[in-house]
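A.B. asks: One structure is given below, represented as C-alpha cells, and several questions about it will come after.
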Amino acid sequence: MPHGFDHIVHAVRDLDAAAEFYSDAGFAVGARNRHPWGTHNRVVQLKNCYIEILTVAEPEKIVPHGARSFSFGAFNRDFLEHREGFSMLLLNSRNAVEDARAFESSGISDFNVFDFAREGTKPDGTPVKLAFSLAFAQDSASPNVRFAVCQHHFPENFWDPAFQTHVNDAKAVPGVSFVADNPTGHHAFLKAFTGADMLHSSAIGIKAHTENGEIEILNPASFRDQFGVSPDVKGEGMTLGAMRFAVADIAQAETLHRQNGIASQRYGGRLVVLQHVAHGATLIFETA
C-alpha cells in the first residue's frame with residue numbers, strides 16, 4: 001500500500017547542541033525523551049512529518065542485531081562512529097504487520113515488526129500514552145542509511161498543532177533528497193518501499209511521489225546543481241543528503257538565521273544550511 005512521510009532520524013553526537021541549532025534556526029524543539037535501548041531523542045514536529053534528533057546516550061543498553069531483529073540503537077551507534085547526519089527515513093503505516101510481509105515478499109526485509117511504547121506529554125503538560133510498530137527495510141546496496149514504516153497506535157496523542165508552530169514559519173516537508181552515483185540502480189527498492197505505482201525517471205535521477213511529499217534520488221552532480229552543495233557521499237549506495245522545508249517567506253527565515261548566528265546561503269531561489277553548520281545534514285528552505 002502507498003505511504004507518506006512519518007519522520008526522519010537526524011543522528012548527532014551532542015543532542016542538546018543539535019537541539020539548540022534547530023531552535024536557533026527557528027524550530028520549536030521538544031523535550032528530551034529516553035528509549036530503553038540506550039538512545040535519547042528530541043522532536044521537531046511539522047504538519048506532515050517530524051525530525052527525530054537522536055543520540056546514543058547510554059551505549060551500554062544497546063542490543064546487537066539479531067537474525068530477524070533490526071537494532072535501531074546499534075545502527076545509529078555505528079552510523080555515528082563515522083559521521084553525523086540523516087541516518088534513517090521512516091514513512092507512515094496503517095498496518096506495520098502487513099507492510100513487513102510486503103517488504104519481505106519484495107526482498108527488501110526479513111525483519112520482524114518492532115513494537116514499543118513510551119509516555120509522552122501534551123503541550124499543557126498532560127501525560128499521554130504513545131505506542132508504535134515499526135517495519136524495517138534495507139537497500140542492500142546502501143549500508144549508510146536505513147528505512148522503515150511507522151504505525152502510530154495513538155496518533156491523536158502525538159500529532160498536535162501546538163507543536164507545529166515555528167518562528168521560521170516552516171509548515172511542512174515537501175521532499176527529501178538522496179544522493180547516489182547510480183540513482184536508477186535503486187529504482188526497485190524505492191518502488192517497493194514507498195508502494196508507489198510508478199516512479200518518475202530523468203537524466204538527473206528518480207523520484208517517488210508519496211501521500212504527503214516526494215522522495216528523490218539524485219546523482220552527485222545534480223544534487224550540487226540544485227542546492228549548490230557538494231554532497232558528502234561515503235561508500236556505496238544512497239546517502240540521505242537533504243531535507244526541504246516549505247516556508248512562507250525565505251527572507252524572514254534568512255533574517256532569523258543571521259540574528260541567531262546560523263550561517264545559511266541563497267542558491268537557486270532557496271536558502272541552504274550546509275552540513276558543517278547543521279550537524280552533518282543539509283537543510284533547504286524554499287517558498288511554500
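Labels for the C-alpha cells follow display order: chains A, B, ..., residues from 1 in each chain, ligands from 1.
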At a cut-off of 12 Å, can you tabulate as a Markdown table every residue of stretch 43-66 of chain A near stretch 87-91 of chain A together with its closest atom pair and the distance in Å to one decimal, using only C-alpha atoms and ordering rows by chain then number?

C.D. replies:
| residue | atom | partner | partner_atom | distance |
| --- | --- | --- | --- | --- |
| A:Asn48 | CA | A:Leu91 | CA | 10.5 |
| A:Cys49 | CA | A:Leu91 | CA | 8.8 |
| A:Tyr50 | CA | A:Leu90 | CA | 9.9 |
| A:Ile51 | CA | A:Leu89 | CA | 9.8 |
| A:Glu52 | CA | A:Met88 | CA | 9.6 |
| A:Ile53 | CA | A:Ser87 | CA | 10.3 |
| A:Leu54 | CA | A:Ser87 | CA | 9.7 |
| A:Thr55 | CA | A:Ser87 | CA | 11.2 |

A.B. asks: Put those residues in a file: N, CA and C atoms, as a PDB file, in the first residue's frame.

C.D. replies:
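part.pdb written:
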ATOM      1  N   ASN A  48       3.321  17.466   8.328  1.00  0.00           N
ATOM      2  CA  ASN A  48       3.260  16.184   7.634  1.00  0.00           C
ATOM      3  C   ASN A  48       4.301  15.173   8.108  1.00  0.00           C
ATOM      4  N   CYS A  49       5.226  15.584   8.953  1.00  0.00           N
ATOM      5  CA  CYS A  49       6.229  14.655   9.441  1.00  0.00           C
ATOM      6  C   CYS A  49       7.010  15.319  10.567  1.00  0.00           C
ATOM      7  N   TYR A  50       7.955  14.586  11.131  1.00  0.00           N
ATOM      8  CA  TYR A  50       8.775  15.195  12.178  1.00  0.00           C
ATOM      9  C   TYR A  50      10.224  14.771  12.030  1.00  0.00           C
ATOM     10  N   ILE A  51      11.089  15.537  12.671  1.00  0.00           N
ATOM     11  CA  ILE A  51      12.514  15.217  12.731  1.00  0.00           C
ATOM     12  C   ILE A  51      12.789  14.622  14.101  1.00  0.00           C
ATOM     13  N   GLU A  52      13.381  13.457  14.124  1.00  0.00           N
ATOM     14  CA  GLU A  52      13.815  12.845  15.375  1.00  0.00           C
ATOM     15  C   GLU A  52      15.310  13.108  15.513  1.00  0.00           C
ATOM     16  N   ILE A  53      15.651  14.108  16.331  1.00  0.00           N
ATOM     17  CA  ILE A  53      17.057  14.388  16.619  1.00  0.00           C
ATOM     18  C   ILE A  53      17.493  13.345  17.646  1.00  0.00           C
ATOM     19  N   LEU A  54      18.463  12.526  17.315  1.00  0.00           N
ATOM     20  CA  LEU A  54      18.745  11.323  18.096  1.00  0.00           C
ATOM     21  C   LEU A  54      20.214  11.211  18.438  1.00  0.00           C
ATOM     22  N   THR A  55      20.505  10.750  19.654  1.00  0.00           N
ATOM     23  CA  THR A  55      21.876  10.461  20.037  1.00  0.00           C
ATOM     24  C   THR A  55      21.920   9.146  20.805  1.00  0.00           C
TER      25      THR A  55
END

A.B. asks: Skipping near chain neighbours, those fewer than 3 positions away, what residues fall within 10 Å of A:Arg266 using only C-alpha atoms, listed as JSON, numbers by chain?

C.D. replies: {"A": [227, 228, 250, 251, 254, 269, 270, 271, 272, 273, 284, 285]}

A.B. asks: What are the DSSP alpha helix (DSSP H) residues of stretch 85-277 of chain A, as a ChimeraX atom specification?

C.D. replies: /A:96-106,155-158,187-194,220-227,250-259

A.B. asks: Please produce a file of the residues just selected, as a compact mmCIF listing (two decimals), in the first residue's frame, where the atoms kept are N, CA and C atoms.

C.D. replies:
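Saved to out_5.txt:
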# COMPACT_ATOMS: atom_id res chain seq x y z
N ALA A 96 1.61 -2.13 10.24
CA ALA A 96 3.03 -2.48 10.13
C ALA A 96 3.23 -3.96 9.85
N VAL A 97 2.35 -4.81 10.36
CA VAL A 97 2.48 -6.25 10.12
C VAL A 97 2.31 -6.55 8.63
N GLU A 98 1.29 -5.97 8.02
CA GLU A 98 1.09 -6.17 6.58
C GLU A 98 2.25 -5.60 5.78
N ASP A 99 2.75 -4.44 6.20
CA ASP A 99 3.87 -3.83 5.48
C ASP A 99 5.12 -4.70 5.59
N ALA A 100 5.36 -5.30 6.75
CA ALA A 100 6.52 -6.18 6.91
C ALA A 100 6.41 -7.38 5.97
N ARG A 101 5.21 -7.91 5.83
CA ARG A 101 5.02 -9.03 4.89
C ARG A 101 5.29 -8.60 3.46
N ALA A 102 4.81 -7.40 3.10
CA ALA A 102 5.03 -6.91 1.75
C ALA A 102 6.51 -6.67 1.49
N PHE A 103 7.22 -6.10 2.48
CA PHE A 103 8.65 -5.88 2.33
C PHE A 103 9.40 -7.20 2.15
N GLU A 104 9.00 -8.20 2.91
CA GLU A 104 9.69 -9.49 2.81
C GLU A 104 9.45 -10.13 1.45
N SER A 105 8.21 -10.05 0.96
CA SER A 105 7.92 -10.64 -0.35
C SER A 105 8.63 -9.89 -1.47
N SER A 106 8.95 -8.60 -1.24
CA SER A 106 9.67 -7.81 -2.24
C SER A 106 11.18 -7.98 -2.14
N PRO A 155 -2.24 8.09 17.46
CA PRO A 155 -1.78 9.29 16.74
C PRO A 155 -2.33 10.59 17.31
N GLU A 156 -3.52 10.51 17.90
CA GLU A 156 -4.12 11.71 18.48
C GLU A 156 -3.32 12.23 19.67
N ASN A 157 -2.52 11.37 20.27
CA ASN A 157 -1.69 11.78 21.40
C ASN A 157 -0.32 12.31 20.96
N PHE A 158 0.02 12.07 19.71
CA PHE A 158 1.34 12.50 19.23
C PHE A 158 1.26 13.79 18.42
N HIS A 187 15.99 1.90 -8.13
CA HIS A 187 14.61 2.05 -8.57
C HIS A 187 13.70 1.00 -7.93
N ALA A 188 14.13 -0.27 -8.00
CA ALA A 188 13.27 -1.35 -7.49
C ALA A 188 13.05 -1.21 -5.99
N PHE A 189 14.11 -0.84 -5.26
CA PHE A 189 13.95 -0.68 -3.82
C PHE A 189 12.97 0.45 -3.51
N LEU A 190 13.15 1.62 -4.13
CA LEU A 190 12.31 2.77 -3.82
C LEU A 190 10.85 2.49 -4.13
N LYS A 191 10.60 1.78 -5.21
CA LYS A 191 9.22 1.45 -5.57
C LYS A 191 8.60 0.51 -4.54
N ALA A 192 9.37 -0.50 -4.10
CA ALA A 192 8.85 -1.44 -3.11
C ALA A 192 8.65 -0.78 -1.76
N PHE A 193 9.56 0.09 -1.38
CA PHE A 193 9.48 0.73 -0.07
C PHE A 193 8.32 1.72 0.01
N THR A 194 8.15 2.55 -1.00
CA THR A 194 7.11 3.58 -0.96
C THR A 194 5.73 3.03 -1.31
N PRO A 220 25.38 12.87 -7.80
CA PRO A 220 26.08 13.95 -7.09
C PRO A 220 26.11 15.28 -7.84
N ALA A 221 26.30 15.23 -9.16
CA ALA A 221 26.35 16.48 -9.93
C ALA A 221 25.02 17.20 -9.90
N SER A 222 23.92 16.46 -10.00
CA SER A 222 22.59 17.06 -9.99
C SER A 222 22.26 17.63 -8.61
N PHE A 223 22.67 16.93 -7.57
CA PHE A 223 22.47 17.44 -6.20
C PHE A 223 23.19 18.78 -6.05
N ARG A 224 24.42 18.85 -6.54
CA ARG A 224 25.20 20.09 -6.46
C ARG A 224 24.54 21.19 -7.29
N ASP A 225 24.03 20.86 -8.47
CA ASP A 225 23.39 21.86 -9.32
C ASP A 225 22.11 22.41 -8.69
N GLN A 226 21.35 21.56 -8.02
CA GLN A 226 20.09 22.01 -7.43
C GLN A 226 20.28 22.83 -6.16
N PHE A 227 21.24 22.43 -5.32
CA PHE A 227 21.34 23.02 -4.00
C PHE A 227 22.63 23.78 -3.75
N ILE A 250 11.13 33.30 2.60
CA ILE A 250 12.53 32.91 2.75
C ILE A 250 13.34 34.03 3.39
N ALA A 251 13.03 35.26 3.04
CA ALA A 251 13.78 36.39 3.61
C ALA A 251 13.61 36.44 5.12
N GLN A 252 12.42 36.13 5.61
CA GLN A 252 12.18 36.12 7.05
C GLN A 252 13.04 35.04 7.71
N ALA A 253 13.09 33.85 7.10
CA ALA A 253 13.93 32.77 7.65
C ALA A 253 15.40 33.16 7.63
N GLU A 254 15.83 33.82 6.56
CA GLU A 254 17.23 34.23 6.44
C GLU A 254 17.59 35.27 7.50
N THR A 255 16.69 36.22 7.74
CA THR A 255 16.95 37.22 8.77
C THR A 255 17.05 36.58 10.15
N LEU A 256 16.17 35.63 10.41
CA LEU A 256 16.21 34.91 11.68
C LEU A 256 17.54 34.17 11.86
N HIS A 257 17.99 33.51 10.79
CA HIS A 257 19.27 32.79 10.85
C HIS A 257 20.41 33.75 11.18
N ARG A 258 20.44 34.89 10.53
CA ARG A 258 21.51 35.85 10.77
C ARG A 258 21.48 36.37 12.20
N GLN A 259 20.29 36.63 12.70
CA GLN A 259 20.16 37.12 14.08
C GLN A 259 20.67 36.10 15.09

A.B. asks: Between A:Arg146, A:His166, A:His276, A:Lys122, which residue has the minimum interatomic distance to A:Phe72, considering only C-alpha atoms?

C.D. replies: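 Under the stated criterion, the closest residue is A:Arg146.
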
A.B. asks: Per residue of stretch 228-263 of chain A within 10 Å of stretch 78-85 of chain A, what are the shortest atom pair and its distance in Å to one decimal, counting only C-alpha atoms, with rows by chain and residue number, as a Markdown table?

C.D. replies:
| residue | atom | partner | partner_atom | distance |
| --- | --- | --- | --- | --- |
| A:Asp232 | CA | A:Arg83 | CA | 10.0 |
| A:Lys234 | CA | A:His82 | CA | 9.6 |
| A:Thr239 | CA | A:Gly85 | CA | 9.6 |
| A:Leu240 | CA | A:Gly85 | CA | 8.2 |
| A:Gly241 | CA | A:Gly85 | CA | 8.2 |
| A:Ala242 | CA | A:Gly85 | CA | 9.4 |

A.B. asks: Restrict the selected residues to N, CA, C and O atoms and save them as a short mmCIF file (atom, residue, chain, number, x, y, z; two decimals), in the first residue's frame.

C.D. replies:
data_model
loop_
_atom_site.label_atom_id
_atom_site.label_comp_id
_atom_site.auth_asym_id
_atom_site.auth_seq_id
_atom_site.Cartn_x
_atom_site.Cartn_y
_atom_site.Cartn_z
N ASP A 232 28.22 14.93 0.57
CA ASP A 232 29.18 14.13 1.32
C ASP A 232 28.84 12.67 1.13
O ASP A 232 28.17 12.04 1.96
N LYS A 234 29.78 8.88 1.00
CA LYS A 234 30.80 7.98 1.52
C LYS A 234 30.39 6.54 1.24
O LYS A 234 29.31 6.11 1.66
N THR A 239 22.96 7.98 0.06
CA THR A 239 23.12 8.76 1.28
C THR A 239 21.96 9.74 1.35
O THR A 239 21.60 10.34 0.33
N LEU A 240 21.34 9.89 2.52
CA LEU A 240 20.24 10.85 2.67
C LEU A 240 20.84 12.24 2.84
O LEU A 240 21.33 12.58 3.92
N GLY A 241 20.81 13.02 1.76
CA GLY A 241 21.59 14.25 1.72
C GLY A 241 20.90 15.50 2.22
O GLY A 241 21.53 16.33 2.85
N ALA A 242 19.59 15.67 1.95
CA ALA A 242 18.95 16.95 2.26
C ALA A 242 17.49 16.76 2.59
O ALA A 242 16.81 15.86 2.08
#

A.B. asks: Please run DSSP on the backbone and report, as a list in words, all residues within stretch 36-120 of chain A that come out as strand (DSSP E or B).

C.D. replies: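 In stretch 36-120 of chain A, DSSP puts these residues in strand (DSSP E or B): Thr39, His40, Asn41, Arg42, Val43, Val44, Gln45, Tyr50, Ile51, Glu52, Ile53, Leu54, Thr55, Val56, Gly85, Phe86, Ser87, Met88, Leu89, Leu90, Leu91, Asn92, Phe114, Asp115, Phe116, Ala117, Arg118, Glu119 and Gly120 of chain A.
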
A.B. asks: Please save N, CA and C atoms of the selected residues as a short mmCIF file (atom, residue, chain, number, x, y, z; two decimals), in the first residue's frame.

C.D. replies:
data_model
loop_
_atom_site.label_atom_id
_atom_site.label_comp_id
_atom_site.auth_asym_id
_atom_site.auth_seq_id
_atom_site.Cartn_x
_atom_site.Cartn_y
_atom_site.Cartn_z
N THR A 39 19.13 5.01 23.34
CA THR A 39 19.12 6.26 22.58
C THR A 39 18.17 7.26 23.24
N HIS A 40 18.50 8.54 23.09
CA HIS A 40 17.63 9.63 23.54
C HIS A 40 17.29 10.48 22.32
N ASN A 41 16.13 11.14 22.35
CA ASN A 41 15.79 11.99 21.22
C ASN A 41 15.09 13.26 21.67
N ARG A 42 15.02 14.20 20.76
CA ARG A 42 14.19 15.39 20.87
C ARG A 42 13.54 15.58 19.52
N VAL A 43 12.31 16.07 19.49
CA VAL A 43 11.50 16.04 18.28
C VAL A 43 11.15 17.44 17.80
N VAL A 44 11.23 17.63 16.48
CA VAL A 44 10.72 18.82 15.80
C VAL A 44 9.56 18.36 14.93
N GLN A 45 8.36 18.81 15.25
CA GLN A 45 7.17 18.32 14.57
C GLN A 45 6.65 19.35 13.56
N TYR A 50 7.95 14.59 11.13
CA TYR A 50 8.78 15.19 12.18
C TYR A 50 10.22 14.77 12.03
N ILE A 51 11.09 15.54 12.67
CA ILE A 51 12.51 15.22 12.73
C ILE A 51 12.79 14.62 14.10
N GLU A 52 13.38 13.46 14.12
CA GLU A 52 13.81 12.85 15.37
C GLU A 52 15.31 13.11 15.51
N ILE A 53 15.65 14.11 16.33
CA ILE A 53 17.06 14.39 16.62
C ILE A 53 17.49 13.35 17.65
N LEU A 54 18.46 12.53 17.31
CA LEU A 54 18.74 11.32 18.10
C LEU A 54 20.21 11.21 18.44
N THR A 55 20.50 10.75 19.65
CA THR A 55 21.88 10.46 20.04
C THR A 55 21.92 9.15 20.81
N VAL A 56 23.10 8.56 20.88
CA VAL A 56 23.32 7.38 21.71
C VAL A 56 23.84 7.87 23.05
N GLY A 85 24.40 13.15 10.81
CA GLY A 85 23.55 13.46 9.68
C GLY A 85 22.28 12.63 9.68
N PHE A 86 21.57 12.68 8.56
CA PHE A 86 20.33 11.94 8.42
C PHE A 86 20.65 10.45 8.23
N SER A 87 20.19 9.63 9.16
CA SER A 87 20.55 8.21 9.13
C SER A 87 19.42 7.30 8.67
N MET A 88 18.16 7.75 8.85
CA MET A 88 17.02 6.90 8.53
C MET A 88 15.85 7.72 8.01
N LEU A 89 15.09 7.12 7.10
CA LEU A 89 13.84 7.68 6.62
C LEU A 89 12.72 6.72 6.99
N LEU A 90 11.70 7.23 7.66
CA LEU A 90 10.55 6.41 8.04
C LEU A 90 9.29 6.99 7.42
N LEU A 91 8.53 6.15 6.77
CA LEU A 91 7.25 6.53 6.20
C LEU A 91 6.13 6.08 7.14
N ASN A 92 4.93 6.56 6.89
CA ASN A 92 3.82 6.18 7.76
C ASN A 92 3.27 4.81 7.38
N PHE A 114 8.81 -4.39 15.05
CA PHE A 114 9.30 -3.94 16.35
C PHE A 114 8.23 -3.06 16.99
N ASP A 115 7.75 -3.45 18.17
CA ASP A 115 6.73 -2.69 18.89
C ASP A 115 7.33 -2.06 20.14
N PHE A 116 6.98 -0.82 20.40
CA PHE A 116 7.38 -0.20 21.66
C PHE A 116 6.41 0.92 22.03
N ALA A 117 6.47 1.29 23.31
CA ALA A 117 5.59 2.34 23.83
C ALA A 117 6.37 3.20 24.81
N ARG A 118 5.94 4.42 24.96
CA ARG A 118 6.52 5.32 25.96
C ARG A 118 5.48 6.35 26.34
N GLU A 119 5.76 7.08 27.39
CA GLU A 119 4.88 8.17 27.81
C GLU A 119 5.28 9.45 27.10
N GLY A 120 4.31 10.19 26.63
CA GLY A 120 4.54 11.50 26.04
C GLY A 120 3.88 12.58 26.87
#

A.B. asks: Just checking: using only C-alpha atoms, which residue out of A:Ala263, A:Val233, A:Ala170, A:Met198 ends up closest to A:Ala246?

C.D. replies: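 Of all the options, A:Ala170 lies closest to A:Ala246.
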
A.B. asks: Can you pull out every residue within 12 Å of A:His186, counting only C-alpha atoms, but drop anything in the same chain fewer than 6 positions away, and send it as a list of chain:residue names?

C.D. replies: A:Ile108, A:Gln138, A:Asp139, A:Ser140, A:Ala141, A:Ser142, A:Phe178, A:Val179, A:Ala180, A:Ala192, A:Phe193, A:Leu199, A:Ser201, A:Gly205, A:Ile206, A:Lys207, A:Ala208, A:Glu216, A:Ile217, A:Leu218, A:Asn219, A:Glu236, A:Gly237, A:Met238, A:Thr239

A.B. asks: Nearest residue to A:Phe154 out of A:Asn168, A:His3, A:Thr121, A:Ala131, using only C-alpha atoms?

C.D. replies: A:Ala131
